[in-house]
Each structure stands twice: as C-alpha cells, then as structure tokens.
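Here the structure is laid out as structure tokens; the discussion comes afterwards.
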Amino acid sequence: MTSAPLVLGIETSCDETGVALVRAHPDRSELVGEAVASSVDEHARFGGIIPEIASRAHLEAMGPTLRRALEDAGASLEDVDAIAVTAGPGLVGPLTVGASAAKALAVALDVPLYGVNHVIGPAAVGELVHGLFPVRLMALVVSGGHTTLLRVEDVVTGVTELGSTLDDAAGEAFDKVGRLLGLPYPGGPHVDRLAREGDPRAIRFPRGLTAAKDQERHAYDFSFSGLKTAVARWVEAREDAGEEVPLADVAASFADAVADVLVAKTIAACEREGIDTLVVGGGFSANSQLRELAAERCAAAGVTLRIPPLRFCTDNGAMIAALGAAAVRRGVAPSPLELPVDSSMPLELVTL
Amino acid sequence: MRGTLSGVAVLAIDTSAAVAVSLCDDDGALLAARRVDSQREHAELLAPMVRDVLAEAGLAPADLVAVVAGTGPAPFTGLRAGLVTARMIALAREVPLHGVSALDALAAQVLLADDAASASRGAVPADDAASGGDLAGAGRASEVLVVTDARRREVYAARFRVADGDVVAVAGPFVDKPDVVAERAAGAVVVGAGAALYPEVFPEARGPLVPDPAVLARLAITRASRGADQPAEPLYLRRPDVTPAAGRKRATA
C-alpha cells in the first residue's frame, strides 16, 4: 500500500520558525505533526522585530524545531516526499535561513521543492481544519504585516489580489495603538484584552476608505493610518486637558472601528463578487472583536465563515505545508533549486 | 578528479568570502568543487552547487560521510545560509557535522601548504591556485596573521602558528579597525583580503587569498580523527544592529 505524499513545510518569514508535516490525501489534507519556535520575547524590549535577531534565532531553532515536528508526527526525514517553504514576502534574512534549509533538505533527500507565498498560507491552513476548499471563496488575510483581500478560484493556481491596506496593516495599527496606550509589545493581544472591558460605542473613530467617494477606486482596499492618528489625537486632547484617559473605552472603540471596516468591506466584496464562502486567516484573525463581528455579519449575509482555531493564527509551518500539499495534489511543477527569496513576492504568485 | 565506486565523500561549504562548495574523499582528496565569487544570492546558489558537485563526482547524497561548514567570521546572511545548508544536509543524511573557521582555513593554506606538498598524506595540498599560488615567499613563516574583510572599515583577524600538523590560533578571532589589528602583526606573515584592502596599514601583506572549502574539509578530517569537538556555530563577532523603539511621538503638535 502506498500512502499519500507527506509534505514538510518550513516558515521563517518573520520571527517564528515553523515546521510541520501534512499528508496530501486525494480528498483532504491532514496535519500529522508540527512545531513552532518564536523569538518574539527577544524583540519585545525593542518594540518591534529586529531582523538580525530573528535571523540568528531561526538558524539556532531550525534543527531542533524540525526534530520536534518529526517527533510529533512520528515520522523521519526519509518519509518526506516533498518540501514546501516560504519564498516570500517577508524579511530577507529570516527568509534566507528557511529557504536555504529547505533546499538543503530537498537536495539531501532528493525530493521536490515548492517555494510558496506566505500570504496565501493563512488562507490555505483552513483546508487542514475545514476540509478542501470549494471552488470559489474570498480570503481575508490580516496580520501585523498584511491586510489583504484575495479572491480564490484555486488556492494554488487561481489567487487574485482584490485589494490590501494602503498604509498600516491591521495588526500593525494595534501594535501602534498599544504603544500609545502604554501597553507592552506586541500590542495586539493587550489591546484586545483591554477592549473587552470597554464600550465599543464610547468613541466614534473614523472608518477608513468606507465613504461613498472611496468606493470607485478603493472598494477592496483598507487604510488604518488615519484611524491610528485619530486615536492618538483623541488621547492627547484628553491628556492635555488634564483628564483621565478611559483606556478600555479607547481600546474597545478602536478595535471596533478596525473590525467594522474589515468585516463590512469584506462582506461587501463577497456580495459584489457573488462569493458565499469567506476564509479569514493571519495573526490578526486571533482578534476577538474581528472573530465575533465576522461570525455575526457573515451569518446575517448568508456567507459561510471559515476561521481557523487560534493556534493556526500566528505564523506556522502548517500553513506552508498545507499550501505545499495543495500544490502536490494538483501536480504543479516544483520550484527550481535556484529559487530566490523575494521579500515582496507578488500575492498572485502562489508557488515560484 | 577520480571516480569513486563505493562512494565515501565529505562535503564542505564556505560562504565567508565567496560561495564555495567542495567534495572530497575521506582522505581529503578533491573530487569536485564549485565557486561563485558573490557576496549575495547565497540562498539561490548553494543548493544547486551541492547538487552539481555530487553529480560531477558521480555520487549521491547517501554517499556523504560527513559535512563541514565554514563558521566565518563573515557577513551574517551568507554565513547563515552556509551553516543552515550544512546542518540540514548532515541532519538529513545522519552524518557528523563539523565546523571550521575560514580564518583557520586561510592560515592552513599558508602555513601547511609546503608541508603538504612534500608529505604523502598532506593535510593541505595546494591543488587550488587560490590556496597559495602567490604565497611562495610565505612558506617558511612560523606565524601568520589572517585578516579578512569585515566591512564598515573593520577587519576580522586571528593569528596562528603550526602545532602538531594543525594550525592553532594564538590570538583572536576578533573584529576591529585595521590599525588596531596591525598591532598584532609583528613577526607574522600577514595574509587575506582584509589586509589587501588596507595596504597603508598592512604594507607587507600577501594575498589576496580566498578560503578553500577543501582545506576546511581536510582540517575537519584531521581534527575529527583526533577527537576534537568542532561545533558548527557561527562566528558573528558582532552583536546585531538594533534600533530601540523611539519613545511615543505626538500626533498633534
């Protein structure tokens, strides 16, 4: 009996070293093992990711994380049939470590290599949870680095970028507002927690690119920079007046503005494109306001929502292995060993 | 080059000066080599070079008995590409992994070259023009100061002497300004691309000289046979550049 191909996925585009093994069955993708190491704590005191610190951590973590993933899967490298790796977009130093590791394994094991797109990963990871995708779906990928709306006809060969943020990513805006409110880095989870204690309707912050005049050119785009500035101005005005800043209300109202814009524009896009399935993925899909609002409004609009469990929200190898498994299942040509890393890899390119 | 029927090969990778890969037999004799003089595109170049040296020697990855990684010191991104490549191949083939500094290799290319030429089982045969062709005058030196380019108007350096058929660092490795490093030069032959970059500081320097991964392999084989621990850890010698987050900026004036 021959078993379905086993795909090893490696993700190193930012500060998480992710390794996972996914079996590409004809009718489903099965996660059989995974491990993640993160250098996030080493960056906290700098208030942002330091690429060189992340790169050094990737080099040290690669071997141990690979071993842990194999152990978790009860597999050995000899069992691996294909390697998938994040080719971009991301930080060049970290991407170089992952790509070099993946290529070395591909040569040493004599198996095909698939360089895949990091941004499509959070959409593809849904196939591990909810089963293989229907023919057409909308994917909203939201993280500290991306806020992107994708129309997915086929997760490997038919991804179209409909729009993305013109300035800050949603998670980035959360980190910046977190800093403004004196919360630790990364601010996202802290703002989220604080927001749950406040009134989301206490302050009416602006909704970027939702005005009628923006719909012609930016119906599918996002903007969070103005919102972040509006929050800063509001907080500063209170401070200057010697008044106490209601931190929880600020956090709740800001979080509500972000979730409202993301969900409203995404559902409008689904309606315009005639798509009835929405996948939300990426680090910011862990945000509780976004999850709640998306569930509520998708139900009202008759859109099936697929949002992965929290453990798949941060960067991980599973999403890359899932995308690799999708490529293997379709018989897509592997990438050449000369595959470059591309820090600004175009979103419509799923494999290189 | 010679064919090997029952394959036994040592793969060595160095990314400190060029992107260079050598395949040797377990006596250190060269089977195949590739070198691209680039300080970029390590992630693109390395794996195809490994594939190509194996193909040229008519060997498969399963024929590898050890992997040797150049540990620098070197610019970080390329150094890591070489190290992680070596580590993953060793892991996948379940063979020993050895680390050797590029400075050690350069020192051996100078100090051990003459010995090797006359010895039957030389640690470092000078079979590559880059490993010592223009260093005839340096043959009888007892100590060598190896100086490589660290960019930012600094150099990496270490001073070596020969002991028991190997090179041993008596100072370094360190990274510093060329004139500070030059204070260690007294009585030693000075070699390396870093010295050639600063002729006003190192007027007597020989070179340029590029680390030969085959020499890394031979040093590693010799040291492994003596039971030496050879960790494949990067010699960064510098802390990461970090820009601590600025304090909160006001949005309103």
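Following the order of the structure tokens, first chain is A, next is B, and so on, with residues numbered from 1 inside each chain and ligands from 1 in the order they appear.
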Check the DSSP output for the backbone and give back, as number ranges by chain, the residues of range 76-228 of chain B in strand (DSSP E or B).
-> B: 97-100, 143-149, 155-163, 166-176, 189-191, 206
Give as a list in words every residue of chain B that touches chain A within 6 Å, counting only C-alpha atoms.
->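 Taking only C-alpha atoms into account, Ala43, Glu44, Ala47, Pro48, Pro61, Thr77, Ala81, Val84, Thr85, Met88, Ile89, Pro240, Pro244, Ala245 and Ala251 of chain B sit within 6 Å of chain A.
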For Ser38 in chain A, which of A:Gly18, A:Gly331, A:Pro112, A:Gly90 is the closest residue, counting only C-alpha atoms?
->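 Using only C-alpha atoms, the shortest distance to Ser38 in chain A belongs to A:Gly18.
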Find the residue from A:Leu162, A:Ile267, A:Ala20, A:Val177 that sits nearest to Arg217 in chain A; use only C-alpha atoms when measuring.
->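 Ranking A:Leu162, A:Ile267, A:Ala20, A:Val177 by distance to Arg217 in chain A, first place goes to A:Leu162.
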Write out as JSON, numbers by chain the residues lying within 10 Å of Gly274 in chain A, counting only C-alpha atoms and excluding same-chain residues fewer than 3 positions away.
-> {"A": [136, 137, 138, 268, 269, 270, 271, 277]}
Restricting it to N, CA and C atoms, dump the selection as a PDB file, in the first residue's frame.
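Final output, saved to part-v9.pdb:
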```
ATOM      1  N   ARG A 136     -14.897  28.553  -5.359  1.00  0.00           N
ATOM      2  CA  ARG A 136     -14.644  29.996  -5.242  1.00  0.00           C
ATOM      3  C   ARG A 136     -14.785  30.435  -3.794  1.00  0.00           C
ATOM      4  N   LEU A 137     -13.857  31.212  -3.320  1.00  0.00           N
ATOM      5  CA  LEU A 137     -14.014  31.764  -1.986  1.00  0.00           C
ATOM      6  C   LEU A 137     -13.270  33.082  -1.878  1.00  0.00           C
ATOM      7  N   MET A 138     -13.620  33.818  -0.829  1.00  0.00           N
ATOM      8  CA  MET A 138     -12.948  35.070  -0.507  1.00  0.00           C
ATOM      9  C   MET A 138     -12.022  34.783   0.666  1.00  0.00           C
ATOM     10  N   ALA A 268     -19.044  43.092   1.738  1.00  0.00           N
ATOM     11  CA  ALA A 268     -19.455  43.803   0.520  1.00  0.00           C
ATOM     12  C   ALA A 268     -18.748  43.200  -0.705  1.00  0.00           C
ATOM     13  N   ALA A 269     -17.490  42.842  -0.519  1.00  0.00           N
ATOM     14  CA  ALA A 269     -16.732  42.233  -1.625  1.00  0.00           C
ATOM     15  C   ALA A 269     -17.317  40.872  -1.991  1.00  0.00           C
ATOM     16  N   CYS A 270     -17.686  40.088  -0.981  1.00  0.00           N
ATOM     17  CA  CYS A 270     -18.302  38.783  -1.237  1.00  0.00           C
ATOM     18  C   CYS A 270     -19.570  38.967  -2.069  1.00  0.00           C
ATOM     19  N   GLU A 271     -20.388  39.967  -1.680  1.00  0.00           N
ATOM     20  CA  GLU A 271     -21.653  40.190  -2.386  1.00  0.00           C
ATOM     21  C   GLU A 271     -21.398  40.632  -3.814  1.00  0.00           C
ATOM     22  N   THR A 277     -18.408  31.963   0.454  1.00  0.00           N
ATOM     23  CA  THR A 277     -17.542  31.396   1.493  1.00  0.00           C
ATOM     24  C   THR A 277     -16.401  32.369   1.780  1.00  0.00           C
TER      25      THR A 277
END
```
Which polymer residues have any atom within 7 Å of an atom of range 258-261 of chain A, counting only C-alpha atoms, with same-chain residues fewer than 3 positions away left out, as number ranges by chain?
-> A: 207, 254-255, 264-265, 289-290, 293
Output as a PDB file with N, CA, C and O atoms, in the first residue's frame all residues of range 2-109 of chain B that backbone DSSP marks as alpha helix (DSSP H).
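And here is the file that came out, out16.pdb:
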```
ATOM      1  N   HIS B  42      23.344  33.798  -1.809  1.00  0.00           N
ATOM      2  CA  HIS B  42      23.745  32.513  -1.238  1.00  0.00           C
ATOM      3  C   HIS B  42      22.608  31.505  -1.280  1.00  0.00           C
ATOM      4  O   HIS B  42      22.807  30.336  -1.581  1.00  0.00           O
ATOM      5  N   ALA B  43      21.398  32.002  -0.962  1.00  0.00           N
ATOM      6  CA  ALA B  43      20.251  31.095  -0.894  1.00  0.00           C
ATOM      7  C   ALA B  43      19.929  30.522  -2.270  1.00  0.00           C
ATOM      8  O   ALA B  43      19.403  29.428  -2.379  1.00  0.00           O
ATOM      9  N   GLU B  44      20.235  31.272  -3.322  1.00  0.00           N
ATOM     10  CA  GLU B  44      19.992  30.781  -4.674  1.00  0.00           C
ATOM     11  C   GLU B  44      21.074  29.811  -5.111  1.00  0.00           C
ATOM     12  O   GLU B  44      20.817  28.813  -5.773  1.00  0.00           O
ATOM     13  N   LEU B  45      22.326  30.136  -4.777  1.00  0.00           N
ATOM     14  CA  LEU B  45      23.467  29.442  -5.381  1.00  0.00           C
ATOM     15  C   LEU B  45      23.833  28.121  -4.718  1.00  0.00           C
ATOM     16  O   LEU B  45      24.245  27.169  -5.388  1.00  0.00           O
ATOM     17  N   LEU B  46      23.696  28.067  -3.384  1.00  0.00           N
ATOM     18  CA  LEU B  46      24.325  26.964  -2.646  1.00  0.00           C
ATOM     19  C   LEU B  46      23.782  25.574  -2.991  1.00  0.00           C
ATOM     20  O   LEU B  46      24.562  24.668  -3.301  1.00  0.00           O
ATOM     21  N   ALA B  47      22.469  25.408  -2.917  1.00  0.00           N
ATOM     22  CA  ALA B  47      21.910  24.065  -3.105  1.00  0.00           C
ATOM     23  C   ALA B  47      22.220  23.514  -4.504  1.00  0.00           C
ATOM     24  O   ALA B  47      22.623  22.351  -4.628  1.00  0.00           O
ATOM     25  N   PRO B  48      22.074  24.326  -5.560  1.00  0.00           N
ATOM     26  CA  PRO B  48      22.467  23.806  -6.882  1.00  0.00           C
ATOM     27  C   PRO B  48      23.947  23.421  -6.941  1.00  0.00           C
ATOM     28  O   PRO B  48      24.309  22.449  -7.613  1.00  0.00           O
ATOM     29  N   MET B  49      24.805  24.154  -6.224  1.00  0.00           N
ATOM     30  CA  MET B  49      26.232  23.817  -6.235  1.00  0.00           C
ATOM     31  C   MET B  49      26.485  22.474  -5.552  1.00  0.00           C
ATOM     32  O   MET B  49      27.315  21.678  -6.008  1.00  0.00           O
ATOM     33  N   VAL B  50      25.759  22.238  -4.464  1.00  0.00           N
ATOM     34  CA  VAL B  50      25.894  20.945  -3.777  1.00  0.00           C
ATOM     35  C   VAL B  50      25.444  19.817  -4.709  1.00  0.00           C
ATOM     36  O   VAL B  50      26.130  18.788  -4.855  1.00  0.00           O
ATOM     37  N   ARG B  51      24.292  20.033  -5.345  1.00  0.00           N
ATOM     38  CA  ARG B  51      23.784  19.035  -6.298  1.00  0.00           C
ATOM     39  C   ARG B  51      24.828  18.788  -7.404  1.00  0.00           C
ATOM     40  O   ARG B  51      25.106  17.644  -7.772  1.00  0.00           O
ATOM     41  N   ASP B  52      25.438  19.870  -7.886  1.00  0.00           N
ATOM     42  CA  ASP B  52      26.365  19.748  -9.014  1.00  0.00           C
ATOM     43  C   ASP B  52      27.664  19.025  -8.645  1.00  0.00           C
ATOM     44  O   ASP B  52      28.183  18.252  -9.447  1.00  0.00           O
ATOM     45  N   VAL B  53      28.208  19.289  -7.449  1.00  0.00           N
ATOM     46  CA  VAL B  53      29.467  18.589  -7.097  1.00  0.00           C
ATOM     47  C   VAL B  53      29.208  17.090  -6.922  1.00  0.00           C
ATOM     48  O   VAL B  53      30.044  16.266  -7.324  1.00  0.00           O
ATOM     49  N   LEU B  54      28.047  16.769  -6.363  1.00  0.00           N
ATOM     50  CA  LEU B  54      27.711  15.340  -6.221  1.00  0.00           C
ATOM     51  C   LEU B  54      27.586  14.695  -7.605  1.00  0.00           C
ATOM     52  O   LEU B  54      28.128  13.613  -7.863  1.00  0.00           O
ATOM     53  N   ALA B  55      26.895  15.380  -8.505  1.00  0.00           N
ATOM     54  CA  ALA B  55      26.685  14.839  -9.849  1.00  0.00           C
ATOM     55  C   ALA B  55      28.025  14.673 -10.572  1.00  0.00           C
ATOM     56  O   ALA B  55      28.279  13.640 -11.207  1.00  0.00           O
ATOM     57  N   GLU B  56      28.888  15.677 -10.450  1.00  0.00           N
ATOM     58  CA  GLU B  56      30.180  15.613 -11.143  1.00  0.00           C
ATOM     59  C   GLU B  56      31.025  14.445 -10.646  1.00  0.00           C
ATOM     60  O   GLU B  56      31.735  13.799 -11.410  1.00  0.00           O
ATOM     61  N   PHE B  76      26.654  38.266   7.936  1.00  0.00           N
ATOM     62  CA  PHE B  76      25.749  37.344   8.623  1.00  0.00           C
ATOM     63  C   PHE B  76      24.852  36.503   7.720  1.00  0.00           C
ATOM     64  O   PHE B  76      24.690  35.308   7.947  1.00  0.00           O
ATOM     65  N   THR B  77      24.231  37.136   6.734  1.00  0.00           N
ATOM     66  CA  THR B  77      23.208  36.422   5.965  1.00  0.00           C
ATOM     67  C   THR B  77      23.815  35.259   5.182  1.00  0.00           C
ATOM     68  O   THR B  77      23.284  34.144   5.180  1.00  0.00           O
ATOM     69  N   GLY B  78      24.953  35.511   4.547  1.00  0.00           N
ATOM     70  CA  GLY B  78      25.610  34.454   3.789  1.00  0.00           C
ATOM     71  C   GLY B  78      26.163  33.366   4.693  1.00  0.00           C
ATOM     72  O   GLY B  78      26.089  32.173   4.380  1.00  0.00           O
ATOM     73  N   LEU B  79      26.696  33.782   5.827  1.00  0.00           N
ATOM     74  CA  LEU B  79      27.234  32.818   6.793  1.00  0.00           C
ATOM     75  C   LEU B  79      26.146  31.853   7.247  1.00  0.00           C
ATOM     76  O   LEU B  79      26.333  30.635   7.284  1.00  0.00           O
ATOM     77  N   ARG B  80      24.973  32.420   7.555  1.00  0.00           N
ATOM     78  CA  ARG B  80      23.856  31.573   7.994  1.00  0.00           C
ATOM     79  C   ARG B  80      23.378  30.638   6.898  1.00  0.00           C
ATOM     80  O   ARG B  80      23.033  29.486   7.164  1.00  0.00           O
ATOM     81  N   ALA B  81      23.360  31.126   5.656  1.00  0.00           N
ATOM     82  CA  ALA B  81      22.921  30.277   4.542  1.00  0.00           C
ATOM     83  C   ALA B  81      23.827  29.052   4.448  1.00  0.00           C
ATOM     84  O   ALA B  81      23.354  27.918   4.281  1.00  0.00           O
ATOM     85  N   GLY B  82      25.129  29.267   4.585  1.00  0.00           N
ATOM     86  CA  GLY B  82      26.071  28.149   4.524  1.00  0.00           C
ATOM     87  C   GLY B  82      25.898  27.195   5.694  1.00  0.00           C
ATOM     88  O   GLY B  82      25.860  25.974   5.525  1.00  0.00           O
ATOM     89  N   LEU B  83      25.757  27.771   6.895  1.00  0.00           N
ATOM     90  CA  LEU B  83      25.645  26.929   8.086  1.00  0.00           C
ATOM     91  C   LEU B  83      24.359  26.112   8.091  1.00  0.00           C
ATOM     92  O   LEU B  83      24.379  24.918   8.408  1.00  0.00           O
ATOM     93  N   VAL B  84      23.253  26.746   7.739  1.00  0.00           N
ATOM     94  CA  VAL B  84      21.986  26.004   7.804  1.00  0.00           C
ATOM     95  C   VAL B  84      21.940  24.949   6.692  1.00  0.00           C
ATOM     96  O   VAL B  84      21.389  23.865   6.886  1.00  0.00           O
ATOM     97  N   THR B  85      22.571  25.240   5.563  1.00  0.00           N
ATOM     98  CA  THR B  85      22.654  24.248   4.487  1.00  0.00           C
ATOM     99  C   THR B  85      23.432  23.024   4.976  1.00  0.00           C
ATOM    100  O   THR B  85      22.984  21.878   4.842  1.00  0.00           O
ATOM    101  N   ALA B  86      24.596  23.275   5.569  1.00  0.00           N
ATOM    102  CA  ALA B  86      25.426  22.168   6.067  1.00  0.00           C
ATOM    103  C   ALA B  86      24.704  21.394   7.166  1.00  0.00           C
ATOM    104  O   ALA B  86      24.692  20.155   7.185  1.00  0.00           O
ATOM    105  N   ARG B  87      24.076  22.141   8.079  1.00  0.00           N
ATOM    106  CA  ARG B  87      23.388  21.474   9.192  1.00  0.00           C
ATOM    107  C   ARG B  87      22.259  20.582   8.696  1.00  0.00           C
ATOM    108  O   ARG B  87      22.063  19.468   9.202  1.00  0.00           O
ATOM    109  N   MET B  88      21.484  21.081   7.729  1.00  0.00           N
ATOM    110  CA  MET B  88      20.328  20.306   7.259  1.00  0.00           C
ATOM    111  C   MET B  88      20.772  19.081   6.461  1.00  0.00           C
ATOM    112  O   MET B  88      20.148  18.021   6.548  1.00  0.00           O
ATOM    113  N   ILE B  89      21.838  19.208   5.686  1.00  0.00           N
ATOM    114  CA  ILE B  89      22.312  18.043   4.933  1.00  0.00           C
ATOM    115  C   ILE B  89      22.830  16.982   5.909  1.00  0.00           C
ATOM    116  O   ILE B  89      22.529  15.789   5.768  1.00  0.00           O
ATOM    117  N   ALA B  90      23.564  17.410   6.920  1.00  0.00           N
ATOM    118  CA  ALA B  90      24.082  16.460   7.918  1.00  0.00           C
ATOM    119  C   ALA B  90      22.928  15.784   8.663  1.00  0.00           C
ATOM    120  O   ALA B  90      22.946  14.568   8.900  1.00  0.00           O
ATOM    121  N   LEU B  91      21.908  16.581   8.990  1.00  0.00           N
ATOM    122  CA  LEU B  91      20.740  16.039   9.693  1.00  0.00           C
ATOM    123  C   LEU B  91      20.008  15.023   8.816  1.00  0.00           C
ATOM    124  O   LEU B  91      19.642  13.935   9.270  1.00  0.00           O
ATOM    125  N   ALA B  92      19.820  15.386   7.549  1.00  0.00           N
ATOM    126  CA  ALA B  92      19.056  14.521   6.648  1.00  0.00           C
ATOM    127  C   ALA B  92      19.809  13.215   6.364  1.00  0.00           C
ATOM    128  O   ALA B  92      19.187  12.159   6.229  1.00  0.00           O
ATOM    129  N   ARG B  93      21.139  13.302   6.252  1.00  0.00           N
ATOM    130  CA  ARG B  93      21.925  12.099   5.943  1.00  0.00           C
ATOM    131  C   ARG B  93      22.402  11.385   7.208  1.00  0.00           C
ATOM    132  O   ARG B  93      23.072  10.350   7.105  1.00  0.00           O
ATOM    133  N   ALA B 102      36.870  30.048   8.749  1.00  0.00           N
ATOM    134  CA  ALA B 102      37.534  30.429   7.499  1.00  0.00           C
ATOM    135  C   ALA B 102      38.938  30.949   7.771  1.00  0.00           C
ATOM    136  O   ALA B 102      39.835  30.799   6.936  1.00  0.00           O
ATOM    137  N   LEU B 103      39.131  31.554   8.935  1.00  0.00           N
ATOM    138  CA  LEU B 103      40.478  32.059   9.268  1.00  0.00           C
ATOM    139  C   LEU B 103      41.450  30.894   9.452  1.00  0.00           C
ATOM    140  O   LEU B 103      42.620  30.961   9.040  1.00  0.00           O
ATOM    141  N   ASP B 104      40.976  29.803  10.061  1.00  0.00           N
ATOM    142  CA  ASP B 104      41.796  28.595  10.189  1.00  0.00           C
ATOM    143  C   ASP B 104      42.195  28.072   8.815  1.00  0.00           C
ATOM    144  O   ASP B 104      43.338  27.675   8.577  1.00  0.00           O
ATOM    145  N   ALA B 105      41.198  28.080   7.895  1.00  0.00           N
ATOM    146  CA  ALA B 105      41.482  27.561   6.558  1.00  0.00           C
ATOM    147  C   ALA B 105      42.536  28.400   5.869  1.00  0.00           C
ATOM    148  O   ALA B 105      43.490  27.865   5.272  1.00  0.00           O
ATOM    149  N   LEU B 106      42.419  29.712   5.981  1.00  0.00           N
ATOM    150  CA  LEU B 106      43.394  30.587   5.335  1.00  0.00           C
ATOM    151  C   LEU B 106      44.779  30.393   5.951  1.00  0.00           C
ATOM    152  O   LEU B 106      45.789  30.362   5.249  1.00  0.00           O
ATOM    153  N   ALA B 107      44.820  30.256   7.267  1.00  0.00           N
ATOM    154  CA  ALA B 107      46.112  30.032   7.931  1.00  0.00           C
ATOM    155  C   ALA B 107      46.733  28.726   7.446  1.00  0.00           C
ATOM    156  O   ALA B 107      47.940  28.652   7.164  1.00  0.00           O
ATOM    157  N   ALA B 108      45.899  27.692   7.321  1.00  0.00           N
ATOM    158  CA  ALA B 108      46.409  26.394   6.856  1.00  0.00           C
ATOM    159  C   ALA B 108      46.884  26.488   5.418  1.00  0.00           C
ATOM    160  O   ALA B 108      47.877  25.862   5.038  1.00  0.00           O
ATOM    161  N   GLN B 109      46.178  27.290   4.618  1.00  0.00           N
ATOM    162  CA  GLN B 109      46.570  27.434   3.218  1.00  0.00           C
ATOM    163  C   GLN B 109      47.968  28.028   3.109  1.00  0.00           C
ATOM    164  O   GLN B 109      48.681  27.777   2.150  1.00  0.00           O
TER     165      GLN B 109
END
```
Name the residues in contact with Lys177 in chain B at a cut-off of 8 Å, using only C-alpha atoms, excluding same-chain residues fewer than 5 positions from it; report them as number ranges by chain.
-> B: 153-155
List as a PDB file with all heavy atoms, in the first residue's frame the protein and nucleic acid residues near Gln39 in chain B, meaning an atom at most 8 Å away when only C-alpha atoms are counted, but skip any in the same chain fewer than 4 places from it.
```pdb
ATOM      1  N   ALA B  17      33.795  34.274   2.061  1.00  0.00           N
ATOM      2  CA  ALA B  17      34.323  35.230   1.088  1.00  0.00           C
ATOM      3  C   ALA B  17      33.635  35.085  -0.254  1.00  0.00           C
ATOM      4  O   ALA B  17      33.235  36.052  -0.876  1.00  0.00           O
ATOM      5  CB  ALA B  17      35.828  35.028   0.918  1.00  0.00           C
ATOM      6  N   ALA B  18      33.484  33.840  -0.710  1.00  0.00           N
ATOM      7  CA  ALA B  18      32.736  33.551  -1.924  1.00  0.00           C
ATOM      8  C   ALA B  18      31.663  32.539  -1.528  1.00  0.00           C
ATOM      9  O   ALA B  18      31.514  32.221  -0.358  1.00  0.00           O
ATOM     10  CB  ALA B  18      33.668  32.960  -2.980  1.00  0.00           C
ATOM     11  N   VAL B  19      30.912  32.064  -2.501  1.00  0.00           N
ATOM     12  CA  VAL B  19      30.025  30.938  -2.243  1.00  0.00           C
ATOM     13  C   VAL B  19      30.760  29.727  -2.810  1.00  0.00           C
ATOM     14  O   VAL B  19      30.928  29.605  -4.019  1.00  0.00           O
ATOM     15  CB  VAL B  19      28.660  31.128  -2.925  1.00  0.00           C
ATOM     16  CG1 VAL B  19      27.717  29.996  -2.540  1.00  0.00           C
ATOM     17  CG2 VAL B  19      28.057  32.476  -2.545  1.00  0.00           C
ATOM     18  N   GLY B  78      24.953  35.511   4.547  1.00  0.00           N
ATOM     19  CA  GLY B  78      25.610  34.454   3.789  1.00  0.00           C
ATOM     20  C   GLY B  78      26.163  33.366   4.693  1.00  0.00           C
ATOM     21  O   GLY B  78      26.089  32.173   4.380  1.00  0.00           O
TER      22      GLY B  78
END
```
Between CA of Ala84 in chain A and CA of Leu64 in chain B, measure the distance and give it in Å to one decimal.
-> 24.0 Å
With a distance cut-off of 10 Å and only C-alpha atoms, select the neighbouring residues of Ala321 in chain A, excluding the residue or stretch itself and same-chain residues fewer than 5 positions from it, and output the selection as an MDAnalysis selection string.
-> chainID A and resid 6:11 18:24 29:31 34 82:86 114 116 121 124:125 128 316 326:327
What is the distance between CA of His146 in chain A and CA of Arg68 in chain A, in Å to one decimal?
-> 28.7 Å
Rounded to one decimal place, report the CA of Val155 in chain A-CA of His130 in chain A distance in Å.
->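 According to the coordinates, CA of Val155 in chain A and CA of His130 in chain A are separated by 14.2 Å.
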